[in-house]
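S.K.: I'm passing along target.pdb; it holds PDB, C-alpha atoms.
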ATOM      1  CA  MET A   1       6.267  14.680  21.959  1.00  0.00           C
ATOM      2  CA  ALA A   2       9.879  15.432  21.191  1.00  0.00           C
ATOM      3  CA  VAL A   3      10.980  15.327  17.576  1.00  0.00           C
ATOM      4  CA  SER A   4      13.730  12.950  18.714  1.00  0.00           C
ATOM      5  CA  VAL A   5      11.220  10.093  19.005  1.00  0.00           C
ATOM      6  CA  PRO A   6      12.377   7.294  16.701  1.00  0.00           C
ATOM      7  CA  VAL A   7      10.162   6.575  13.706  1.00  0.00           C
ATOM      8  CA  ILE A   8       9.835   3.011  12.461  1.00  0.00           C
ATOM      9  CA  LEU A   9       8.153   1.868   9.286  1.00  0.00           C
ATOM     10  CA  ALA A  10       6.714  -1.602   9.883  1.00  0.00           C
ATOM     11  CA  SER A  11       7.319  -2.758   6.338  1.00  0.00           C
ATOM     12  CA  SER A  12       9.864  -4.369   4.056  1.00  0.00           C
ATOM     13  CA  SER A  13       8.359  -2.592   1.028  1.00  0.00           C
ATOM     14  CA  ILE A  14      10.924  -0.532  -0.869  1.00  0.00           C
ATOM     15  CA  TYR A  15       8.027   1.456  -2.329  1.00  0.00           C
ATOM     16  CA  ARG A  16       6.750   2.513   1.109  1.00  0.00           C
ATOM     17  CA  GLN A  17      10.299   3.254   2.239  1.00  0.00           C
ATOM     18  CA  ARG A  18      10.801   5.567  -0.743  1.00  0.00           C
ATOM     19  CA  GLN A  19       7.524   7.297   0.022  1.00  0.00           C
ATOM     20  CA  LEU A  20       8.461   7.879   3.653  1.00  0.00           C
ATOM     21  CA  GLN A  21      11.904   9.147   2.608  1.00  0.00           C
ATOM     22  CA  SER A  22      10.146  11.819   0.540  1.00  0.00           C
ATOM     23  CA  LEU A  23       8.906  13.408   3.799  1.00  0.00           C
ATOM     24  CA  GLY A  24      12.477  13.956   4.979  1.00  0.00           C
ATOM     25  CA  LEU A  25      12.028  11.946   8.174  1.00  0.00           C
ATOM     26  CA  ASP A  26      14.755   9.855   9.734  1.00  0.00           C
ATOM     27  CA  PHE A  27      13.349   6.367  10.161  1.00  0.00           C
ATOM     28  CA  THR A  28      14.234   2.725  10.229  1.00  0.00           C
ATOM     29  CA  ALA A  29      12.305  -0.081   8.577  1.00  0.00           C
ATOM     30  CA  ILE A  30      11.553  -3.335  10.359  1.00  0.00           C
ATOM     31  CA  THR A  31       9.799  -6.231   8.659  1.00  0.00           C
ATOM     32  CA  PRO A  32       6.945  -7.460  10.849  1.00  0.00           C
ATOM     33  CA  GLU A  33       6.166 -11.166  10.922  1.00  0.00           C
ATOM     34  CA  VAL A  34       2.413 -11.126  10.314  1.00  0.00           C
ATOM     35  CA  ASP A  35       0.147 -13.745   8.756  1.00  0.00           C
ATOM     36  CA  GLU A  36      -1.443 -11.896   5.838  1.00  0.00           C
ATOM     37  CA  SER A  37      -4.136 -14.480   5.123  1.00  0.00           C
ATOM     38  CA  ALA A  38      -7.703 -13.257   4.808  1.00  0.00           C
ATOM     39  CA  GLN A  39     -10.102 -14.193   7.585  1.00  0.00           C
ATOM     40  CA  ALA A  40     -13.485 -15.779   6.910  1.00  0.00           C
ATOM     41  CA  ASN A  41     -16.063 -13.295   5.593  1.00  0.00           C
ATOM     42  CA  GLU A  42     -13.613 -10.407   5.952  1.00  0.00           C
ATOM     43  CA  SER A  43     -14.137  -7.456   3.621  1.00  0.00           C
ATOM     44  CA  PRO A  44     -11.124  -6.155   1.679  1.00  0.00           C
ATOM     45  CA  GLU A  45     -11.298  -2.862   3.591  1.00  0.00           C
ATOM     46  CA  ALA A  46     -11.427  -4.613   6.976  1.00  0.00           C
ATOM     47  CA  MET A  47      -8.563  -6.894   5.945  1.00  0.00           C
ATOM     48  CA  ALA A  48      -6.350  -3.946   4.991  1.00  0.00           C
ATOM     49  CA  ALA A  49      -7.125  -2.159   8.281  1.00  0.00           C
ATOM     50  CA  ARG A  50      -6.495  -5.283  10.364  1.00  0.00           C
ATOM     51  CA  LEU A  51      -3.171  -6.013   8.681  1.00  0.00           C
ATOM     52  CA  ALA A  52      -1.926  -2.406   8.924  1.00  0.00           C
ATOM     53  CA  TYR A  53      -2.664  -2.451  12.650  1.00  0.00           C
ATOM     54  CA  ALA A  54      -1.152  -5.931  13.132  1.00  0.00           C
ATOM     55  CA  LYS A  55       2.060  -4.890  11.392  1.00  0.00           C
ATOM     56  CA  ALA A  56       2.347  -1.709  13.458  1.00  0.00           C
ATOM     57  CA  GLN A  57       1.540  -3.504  16.731  1.00  0.00           C
ATOM     58  CA  THR A  58       4.041  -6.300  16.051  1.00  0.00           C
ATOM     59  CA  VAL A  59       6.858  -3.765  15.688  1.00  0.00           C
ATOM     60  CA  LYS A  60       5.494  -1.614  18.547  1.00  0.00           C
ATOM     61  CA  ASN A  61       5.824  -4.623  20.856  1.00  0.00           C
ATOM     62  CA  MET A  62       9.541  -4.716  19.996  1.00  0.00           C
ATOM     63  CA  ARG A  63      10.081  -0.937  20.149  1.00  0.00           C
ATOM     64  CA  PRO A  64       7.540   0.586  22.583  1.00  0.00           C
ATOM     65  CA  THR A  65       9.206   4.032  22.693  1.00  0.00           C
ATOM     66  CA  ALA A  66       8.971   4.525  18.916  1.00  0.00           C
ATOM     67  CA  CYS A  67       6.356   6.026  16.652  1.00  0.00           C
ATOM     68  CA  VAL A  68       5.446   3.067  14.447  1.00  0.00           C
ATOM     69  CA  ILE A  69       3.837   3.285  11.012  1.00  0.00           C
ATOM     70  CA  GLY A  70       2.029   0.269   9.588  1.00  0.00           C
ATOM     71  CA  SER A  71       0.333   0.003   6.207  1.00  0.00           C
ATOM     72  CA  ASP A  72      -1.295  -2.601   4.039  1.00  0.00           C
ATOM     73  CA  GLN A  73      -2.976  -2.605   0.656  1.00  0.00           C
ATOM     74  CA  VAL A  74      -5.685  -4.960  -0.587  1.00  0.00           C
ATOM     75  CA  CYS A  75      -6.792  -5.161  -4.214  1.00  0.00           C
ATOM     76  CA  ALA A  76     -10.388  -6.252  -4.813  1.00  0.00           C
ATOM     77  CA  PHE A  77     -12.315  -7.014  -7.982  1.00  0.00           C
ATOM     78  CA  GLY A  78     -15.427  -9.054  -8.712  1.00  0.00           C
ATOM     79  CA  GLY A  79     -15.869 -10.067  -5.088  1.00  0.00           C
ATOM     80  CA  GLN A  80     -12.347 -11.468  -4.889  1.00  0.00           C
ATOM     81  CA  ILE A  81      -9.138 -10.302  -3.255  1.00  0.00           C
ATOM     82  CA  PHE A  82      -6.095 -10.224  -5.514  1.00  0.00           C
ATOM     83  CA  GLY A  83      -2.681 -10.426  -3.873  1.00  0.00           C
ATOM     84  CA  LYS A  84       0.768  -9.862  -5.311  1.00  0.00           C
ATOM     85  CA  PRO A  85       0.994 -12.075  -8.394  1.00  0.00           C
ATOM     86  CA  GLY A  86       4.404 -13.592  -7.643  1.00  0.00           C
ATOM     87  CA  THR A  87       4.730 -15.040 -11.148  1.00  0.00           C
ATOM     88  CA  SER A  88       4.426 -13.640 -14.658  1.00  0.00           C
ATOM     89  CA  ALA A  89       1.611 -16.086 -15.432  1.00  0.00           C
ATOM     90  CA  ARG A  90      -0.456 -14.847 -12.492  1.00  0.00           C
ATOM     91  CA  ALA A  91       0.275 -11.212 -13.413  1.00  0.00           C
ATOM     92  CA  VAL A  92      -1.072 -11.931 -16.910  1.00  0.00           C
ATOM     93  CA  GLU A  93      -4.215 -13.491 -15.407  1.00  0.00           C
ATOM     94  CA  GLN A  94      -4.780 -10.495 -13.130  1.00  0.00           C
ATOM     95  CA  LEU A  95      -4.375  -7.919 -15.878  1.00  0.00           C
ATOM     96  CA  GLN A  96      -6.618  -9.933 -18.196  1.00  0.00           C
ATOM     97  CA  ALA A  97      -9.319  -9.899 -15.514  1.00  0.00           C
ATOM     98  CA  PHE A  98      -8.873  -6.165 -14.869  1.00  0.00           C
ATOM     99  CA  SER A  99      -8.939  -5.196 -18.569  1.00  0.00           C
ATOM    100  CA  ASN A 100     -11.759  -2.688 -19.250  1.00  0.00           C
ATOM    101  CA  ASN A 101     -12.908  -2.860 -15.600  1.00  0.00           C
ATOM    102  CA  SER A 102     -12.775  -0.804 -12.405  1.00  0.00           C
ATOM    103  CA  VAL A 103     -10.681  -2.274  -9.594  1.00  0.00           C
ATOM    104  CA  MET A 104     -10.718  -1.173  -5.933  1.00  0.00           C
ATOM    105  CA  PHE A 105      -7.592  -0.680  -3.841  1.00  0.00           C
ATOM    106  CA  PHE A 106      -7.914  -0.301  -0.075  1.00  0.00           C
ATOM    107  CA  THR A 107      -4.768   1.187   1.458  1.00  0.00           C
ATOM    108  CA  ALA A 108      -4.784   1.163   5.245  1.00  0.00           C
ATOM    109  CA  LEU A 109      -2.582   3.209   7.546  1.00  0.00           C
ATOM    110  CA  CYS A 110      -1.955   2.799  11.265  1.00  0.00           C
ATOM    111  CA  VAL A 111       0.271   5.046  13.396  1.00  0.00           C
ATOM    112  CA  LEU A 112       1.030   3.993  16.981  1.00  0.00           C
ATOM    113  CA  THR A 113       2.716   6.579  19.225  1.00  0.00           C
ATOM    114  CA  PRO A 114       4.846   6.130  22.355  1.00  0.00           C
ATOM    115  CA  THR A 115       2.091   7.823  24.387  1.00  0.00           C
ATOM    116  CA  GLY A 116      -0.463   5.175  23.445  1.00  0.00           C
ATOM    117  CA  GLN A 117      -2.309   7.049  20.716  1.00  0.00           C
ATOM    118  CA  SER A 118      -3.519   5.024  17.744  1.00  0.00           C
ATOM    119  CA  TYR A 119      -4.432   6.683  14.457  1.00  0.00           C
ATOM    120  CA  THR A 120      -5.983   4.668  11.644  1.00  0.00           C
ATOM    121  CA  HIS A 121      -7.290   5.383   8.160  1.00  0.00           C
ATOM    122  CA  VAL A 122      -8.259   3.439   5.036  1.00  0.00           C
ATOM    123  CA  ASP A 123      -8.039   5.116   1.640  1.00  0.00           C
ATOM    124  CA  THR A 124     -10.175   3.802  -1.202  1.00  0.00           C
ATOM    125  CA  THR A 125      -8.816   4.190  -4.708  1.00  0.00           C
ATOM    126  CA  VAL A 126     -10.709   3.158  -7.838  1.00  0.00           C
ATOM    127  CA  VAL A 127      -8.528   2.322 -10.828  1.00  0.00           C
ATOM    128  CA  LYS A 128     -10.249   2.096 -14.207  1.00  0.00           C
ATOM    129  CA  PHE A 129      -8.258  -0.106 -16.569  1.00  0.00           C
ATOM    130  CA  ARG A 130      -8.518   0.474 -20.289  1.00  0.00           C
ATOM    131  CA  ALA A 131      -9.134  -2.445 -22.640  1.00  0.00           C
ATOM    132  CA  LEU A 132      -5.808  -4.294 -22.726  1.00  0.00           C
ATOM    133  CA  SER A 133      -4.712  -6.621 -25.501  1.00  0.00           C
ATOM    134  CA  GLN A 134      -2.783  -9.801 -24.748  1.00  0.00           C
ATOM    135  CA  THR A 135       0.249  -8.285 -26.482  1.00  0.00           C
ATOM    136  CA  GLU A 136       0.087  -5.134 -24.348  1.00  0.00           C
ATOM    137  CA  ILE A 137      -0.211  -7.164 -21.165  1.00  0.00           C
ATOM    138  CA  GLN A 138       2.774  -9.359 -22.077  1.00  0.00           C
ATOM    139  CA  ARG A 139       4.873  -6.369 -23.136  1.00  0.00           C
ATOM    140  CA  TYR A 140       4.053  -4.483 -19.937  1.00  0.00           C
ATOM    141  CA  ILE A 141       4.909  -7.398 -17.650  1.00  0.00           C
ATOM    142  CA  GLU A 142       8.181  -8.060 -19.492  1.00  0.00           C
ATOM    143  CA  GLN A 143       9.204  -4.401 -19.155  1.00  0.00           C
ATOM    144  CA  GLU A 144       8.253  -3.780 -15.508  1.00  0.00           C
ATOM    145  CA  MET A 145       8.058  -7.246 -13.879  1.00  0.00           C
ATOM    146  CA  PRO A 146       5.443  -6.081 -11.329  1.00  0.00           C
ATOM    147  CA  LEU A 147       5.406  -9.435  -9.554  1.00  0.00           C
ATOM    148  CA  ASN A 148       5.612  -7.996  -6.023  1.00  0.00           C
ATOM    149  CA  CYS A 149       2.895  -5.370  -6.585  1.00  0.00           C
ATOM    150  CA  ALA A 150      -0.782  -5.734  -5.699  1.00  0.00           C
ATOM    151  CA  GLY A 151      -2.726  -5.446  -8.941  1.00  0.00           C
ATOM    152  CA  SER A 152       0.248  -6.435 -11.118  1.00  0.00           C
ATOM    153  CA  PHE A 153       1.331  -2.899 -11.980  1.00  0.00           C
ATOM    154  CA  LYS A 154       3.698  -0.146 -10.846  1.00  0.00           C
ATOM    155  CA  VAL A 155       1.723   3.086 -10.710  1.00  0.00           C
ATOM    156  CA  GLU A 156       4.858   5.179 -10.278  1.00  0.00           C
ATOM    157  CA  SER A 157       6.032   4.307 -13.781  1.00  0.00           C
ATOM    158  CA  LEU A 158       4.637   2.543 -16.860  1.00  0.00           C
ATOM    159  CA  GLY A 159       1.656   1.142 -14.962  1.00  0.00           C
ATOM    160  CA  LEU A 160      -0.175   4.404 -15.582  1.00  0.00           C
ATOM    161  CA  SER A 161      -0.338   3.497 -19.276  1.00  0.00           C
ATOM    162  CA  LEU A 162      -2.799   0.724 -18.370  1.00  0.00           C
ATOM    163  CA  PHE A 163      -5.442   3.082 -16.946  1.00  0.00           C
ATOM    164  CA  THR A 164      -8.111   5.459 -18.142  1.00  0.00           C
ATOM    165  CA  SER A 165      -8.553   7.010 -14.678  1.00  0.00           C
ATOM    166  CA  VAL A 166      -7.631   6.858 -10.997  1.00  0.00           C
ATOM    167  CA  GLU A 167     -10.042   8.167  -8.366  1.00  0.00           C
ATOM    168  CA  SER A 168      -8.712   8.820  -4.860  1.00  0.00           C
ATOM    169  CA  SER A 169      -8.605  11.511  -2.209  1.00  0.00           C
ATOM    170  CA  ASP A 170      -4.858  10.833  -1.844  1.00  0.00           C
ATOM    171  CA  PRO A 171      -2.810  10.162  -5.001  1.00  0.00           C
ATOM    172  CA  SER A 172       0.026   8.679  -2.930  1.00  0.00           C
ATOM    173  CA  ALA A 173      -2.163   5.904  -1.500  1.00  0.00           C
ATOM    174  CA  LEU A 174      -2.000   3.722  -4.589  1.00  0.00           C
ATOM    175  CA  LEU A 175       1.780   3.524  -4.142  1.00  0.00           C
ATOM    176  CA  GLY A 176       1.188   1.847  -0.761  1.00  0.00           C
ATOM    177  CA  LEU A 177       1.317   4.606   1.871  1.00  0.00           C
ATOM    178  CA  PRO A 178      -1.329   7.374   2.108  1.00  0.00           C
ATOM    179  CA  LEU A 179       1.027  10.294   2.717  1.00  0.00           C
ATOM    180  CA  ILE A 180      -1.598  13.021   3.152  1.00  0.00           C
ATOM    181  CA  LYS A 181      -3.199  11.221   6.092  1.00  0.00           C
ATOM    182  CA  LEU A 182       0.214  10.094   7.383  1.00  0.00           C
ATOM    183  CA  CYS A 183       1.392  13.716   7.538  1.00  0.00           C
ATOM    184  CA  GLU A 184      -1.747  14.599   9.496  1.00  0.00           C
ATOM    185  CA  PHE A 185      -1.189  11.746  11.961  1.00  0.00           C
ATOM    186  CA  LEU A 186       2.482  12.648  12.409  1.00  0.00           C
ATOM    187  CA  ARG A 187       1.584  16.299  13.087  1.00  0.00           C
ATOM    188  CA  LEU A 188      -0.972  15.122  15.671  1.00  0.00           C
ATOM    189  CA  SER A 189       1.873  13.087  17.200  1.00  0.00           C
ATOM    190  CA  GLY A 190       4.083  16.182  17.596  1.00  0.00           C
ATOM    191  CA  PHE A 191       6.196  16.014  14.480  1.00  0.00           C
ATOM    192  CA  GLN A 192       6.789  19.148  12.450  1.00  0.00           C
ATOM    193  CA  ILE A 193       5.802  18.443   8.859  1.00  0.00           C
ATOM    194  CA  PRO A 194       6.898  20.421   6.939  1.00  0.00           C
TER     195      PRO A 194
END
Could you write out this structure as structure tokens?
M.R.:
Amino acid sequence: MAVSVPVILASSSIYRQRQLQSLGLDFTAITPEVDESAQANESPEAMAARLAYAKAQTVKNMRPTACVIGSDQVCAFGGQIFGKPGTSARAVEQLQAFSNNSVMFFTALCVLTPTGQSYTHVDTTVVKFRALSQTEIQRYIEQEMPLNCAGSFKVESLGLSLFTSVESSDPSALLGLPLIKLCEFLRLSGFQIP
């Protein structure tokens, strides 16, 4: 595959866009219109994989000659799926629930090539939150306003202060895009990285 193949990130996430920029690739970002509701009896891992594929396929239908990258992240704790909080009150509730607990993040990746190849992967990251006081939670949310972030934190900045550990095979996955696996998939697709 020629390096001149257009690359499209099927996401409106500024965090994923920044991650992809770090690889030095020229790409465009297109926001896919996908219903992100959970399906009945769907596991968090299956939900992340389904949504990453759906996002990539939606954009692929519009741009069939492109290499399309889709990704989705699902936060799970106590048998429940936690989405982006949206409000400060919900962010407080999430962080209160996560305090002194381990929380799972499933970050799915899907790469669809112009030649019909489909590469998929789901990274599992376990975040162990330290015991958080109400004052710490309020102060953190006021400083970072992580209202559009699954789990109510920004791992790339002050969010790390909330943890005792992060376990993952790919440290970039928690940001929203598993770059180690993405680089592998792009190399398999003919891109030269690095």
S.K.: Pull out every residue that the PyMOL selection byres ((chain A and resi 154) around 12) matches in the shown coordinates and put them as a PyMOL selection string.
M.R.: chain A and resi 15+84+91+140-141+143-153+155-163+174-176
S.K.: With distances taken over all atoms listed in the file, which residue among A:Ala46, A:Leu20, A:Ala76, A:Val59 lies nearest A:Ser172?
M.R.: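 Result for the nearest residue to A:Ser172: A:Leu20.
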S.K.: Run the PyMOL selection byres ((chain A and resi 130) around 8) against the file shown and list the residues it catches, as a list in words.
M.R.: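 For this structure, the PyMOL selection byres ((chain A and resi 130) around 8) resolves to Ser99, Asn100, Asn101, Lys128, Phe129, Ala131, Leu132, Leu162, Phe163 and Thr164 of chain A.
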S.K.: Near A:Ile14, within 12 Å and counting all atoms listed in the file, which residues show up once chain neighbours fewer than 2 positions away are dropped, as a PyMOL selection string?
M.R.: chain A and resi 9-12+16-21+29-31+148-149+175-177
S.K.: Save the residues we just selected, C-alpha atoms, as an mmCIF file, in the coordinates of the input?
M.R.:
data_model
loop_
_atom_site.group_PDB
_atom_site.id
_atom_site.type_symbol
_atom_site.label_atom_id
_atom_site.label_comp_id
_atom_site.auth_asym_id
_atom_site.auth_seq_id
_atom_site.Cartn_x
_atom_site.Cartn_y
_atom_site.Cartn_z
ATOM 1 C CA LEU A 9 8.153 1.868 9.286
ATOM 2 C CA ALA A 10 6.714 -1.602 9.883
ATOM 3 C CA SER A 11 7.319 -2.758 6.338
ATOM 4 C CA SER A 12 9.864 -4.369 4.056
ATOM 5 C CA ARG A 16 6.750 2.513 1.109
ATOM 6 C CA GLN A 17 10.299 3.254 2.239
ATOM 7 C CA ARG A 18 10.801 5.567 -0.743
ATOM 8 C CA GLN A 19 7.524 7.297 0.022
ATOM 9 C CA LEU A 20 8.461 7.879 3.653
ATOM 10 C CA GLN A 21 11.904 9.147 2.608
ATOM 11 C CA ALA A 29 12.305 -0.081 8.577
ATOM 12 C CA ILE A 30 11.553 -3.335 10.359
ATOM 13 C CA THR A 31 9.799 -6.231 8.659
ATOM 14 C CA ASN A 148 5.612 -7.996 -6.023
ATOM 15 C CA CYS A 149 2.895 -5.370 -6.585
ATOM 16 C CA LEU A 175 1.780 3.524 -4.142
ATOM 17 C CA GLY A 176 1.188 1.847 -0.761
ATOM 18 C CA LEU A 177 1.317 4.606 1.871
#
S.K.: Which neighbours of A:Ala56 fall inside 12 Å, counting only C-alpha atoms, when residues of the same chain fewer than 2 positions from it are skipped, and could you give them as a ChimeraX atom specification?
M.R.: /A:7-11,29-34,49-54,58-64,66-72,108-113,118-120
S.K.: Write the residues of the preceding selection, restricted to C-alpha atoms, as an mmCIF file, keeping the file's coordinate frame.
M.R.:
data_model
loop_
_atom_site.group_PDB
_atom_site.id
_atom_site.type_symbol
_atom_site.label_atom_id
_atom_site.label_comp_id
_atom_site.auth_asym_id
_atom_site.auth_seq_id
_atom_site.Cartn_x
_atom_site.Cartn_y
_atom_site.Cartn_z
ATOM 1 C CA VAL A 7 10.162 6.575 13.706
ATOM 2 C CA ILE A 8 9.835 3.011 12.461
ATOM 3 C CA LEU A 9 8.153 1.868 9.286
ATOM 4 C CA ALA A 10 6.714 -1.602 9.883
ATOM 5 C CA SER A 11 7.319 -2.758 6.338
ATOM 6 C CA ALA A 29 12.305 -0.081 8.577
ATOM 7 C CA ILE A 30 11.553 -3.335 10.359
ATOM 8 C CA THR A 31 9.799 -6.231 8.659
ATOM 9 C CA PRO A 32 6.945 -7.460 10.849
ATOM 10 C CA GLU A 33 6.166 -11.166 10.922
ATOM 11 C CA VAL A 34 2.413 -11.126 10.314
ATOM 12 C CA ALA A 49 -7.125 -2.159 8.281
ATOM 13 C CA ARG A 50 -6.495 -5.283 10.364
ATOM 14 C CA LEU A 51 -3.171 -6.013 8.681
ATOM 15 C CA ALA A 52 -1.926 -2.406 8.924
ATOM 16 C CA TYR A 53 -2.664 -2.451 12.650
ATOM 17 C CA ALA A 54 -1.152 -5.931 13.132
ATOM 18 C CA THR A 58 4.041 -6.300 16.051
ATOM 19 C CA VAL A 59 6.858 -3.765 15.688
ATOM 20 C CA LYS A 60 5.494 -1.614 18.547
ATOM 21 C CA ASN A 61 5.824 -4.623 20.856
ATOM 22 C CA MET A 62 9.541 -4.716 19.996
ATOM 23 C CA ARG A 63 10.081 -0.937 20.149
ATOM 24 C CA PRO A 64 7.540 0.586 22.583
ATOM 25 C CA ALA A 66 8.971 4.525 18.916
ATOM 26 C CA CYS A 67 6.356 6.026 16.652
ATOM 27 C CA VAL A 68 5.446 3.067 14.447
ATOM 28 C CA ILE A 69 3.837 3.285 11.012
ATOM 29 C CA GLY A 70 2.029 0.269 9.588
ATOM 30 C CA SER A 71 0.333 0.003 6.207
ATOM 31 C CA ASP A 72 -1.295 -2.601 4.039
ATOM 32 C CA ALA A 108 -4.784 1.163 5.245
ATOM 33 C CA LEU A 109 -2.582 3.209 7.546
ATOM 34 C CA CYS A 110 -1.955 2.799 11.265
ATOM 35 C CA VAL A 111 0.271 5.046 13.396
ATOM 36 C CA LEU A 112 1.030 3.993 16.981
ATOM 37 C CA THR A 113 2.716 6.579 19.225
ATOM 38 C CA SER A 118 -3.519 5.024 17.744
ATOM 39 C CA TYR A 119 -4.432 6.683 14.457
ATOM 40 C CA THR A 120 -5.983 4.668 11.644
#
S.K.: Given only C-alpha atoms as the basis, pick out the residue of A:Met47, A:Leu95, A:Leu182, A:Val166 nearest to A:Gln73.
M.R.: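 With only C-alpha atoms as the atom set, the closest residue is A:Met47.
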S.K.: Grab the atom CA of A:Phe191 to atom CA of A:Pro178 distance for me, in Å with one decimal place.
M.R.: 16.9 Å
S.K.: Which residue is closest to A:Leu188? Choose from A:Phe77, A:Gln117, A:Val127, A:Val103 and count only C-alpha atoms.
M.R.: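 Of the candidates, the smallest distance to A:Leu188 is held by A:Gln117.
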S.K.: Could you check how far atom CA of A:Ala89 sits from atom CA of A:Pro44, in Å to one decimal?
M.R.: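 Result for atom CA of A:Ala89 versus atom CA of A:Pro44: 23.5 Å, one decimal.
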S.K.: Nearest to A:Gln138: which of A:Gln192, A:Gln94, A:Gln57, A:Gln80 is it, counting only C-alpha atoms?
M.R.: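 Among A:Gln192, A:Gln94, A:Gln57, A:Gln80, it is A:Gln94 that comes nearest to A:Gln138.
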S.K.: When you draw a straight line from atom CA of A:Val126 to atom CA of A:Ser102, how long is it in Å?
M.R.: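 Taking atom CA of A:Val126 as the start and atom CA of A:Ser102 as the end point, the length is 6.4 Å.
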S.K.: Between A:Glu142, A:Phe98, A:Phe185, A:Gln39, which one has atoms that come closest to A:Gly78, using all atoms listed in the file?
M.R.: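 Of A:Glu142, A:Phe98, A:Phe185, A:Gln39, the one nearest A:Gly78 is A:Phe98, counting all atoms listed in the file.
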S.K.: Quick one: of A:Pro114, A:Glu36, A:Ser88, A:Glu42, who's nearest to A:Lys55, counting all atoms listed in the file?
M.R.: A:Glu36
S.K.: On this file, the PyMOL selection byres ((chain A and resi 168) around 7) gives some set of residues; write that set as a list in words.
M.R.: Thr124, Thr125, Val126, Val166, Glu167, Ser169, Asp170 and Pro171 of chain A
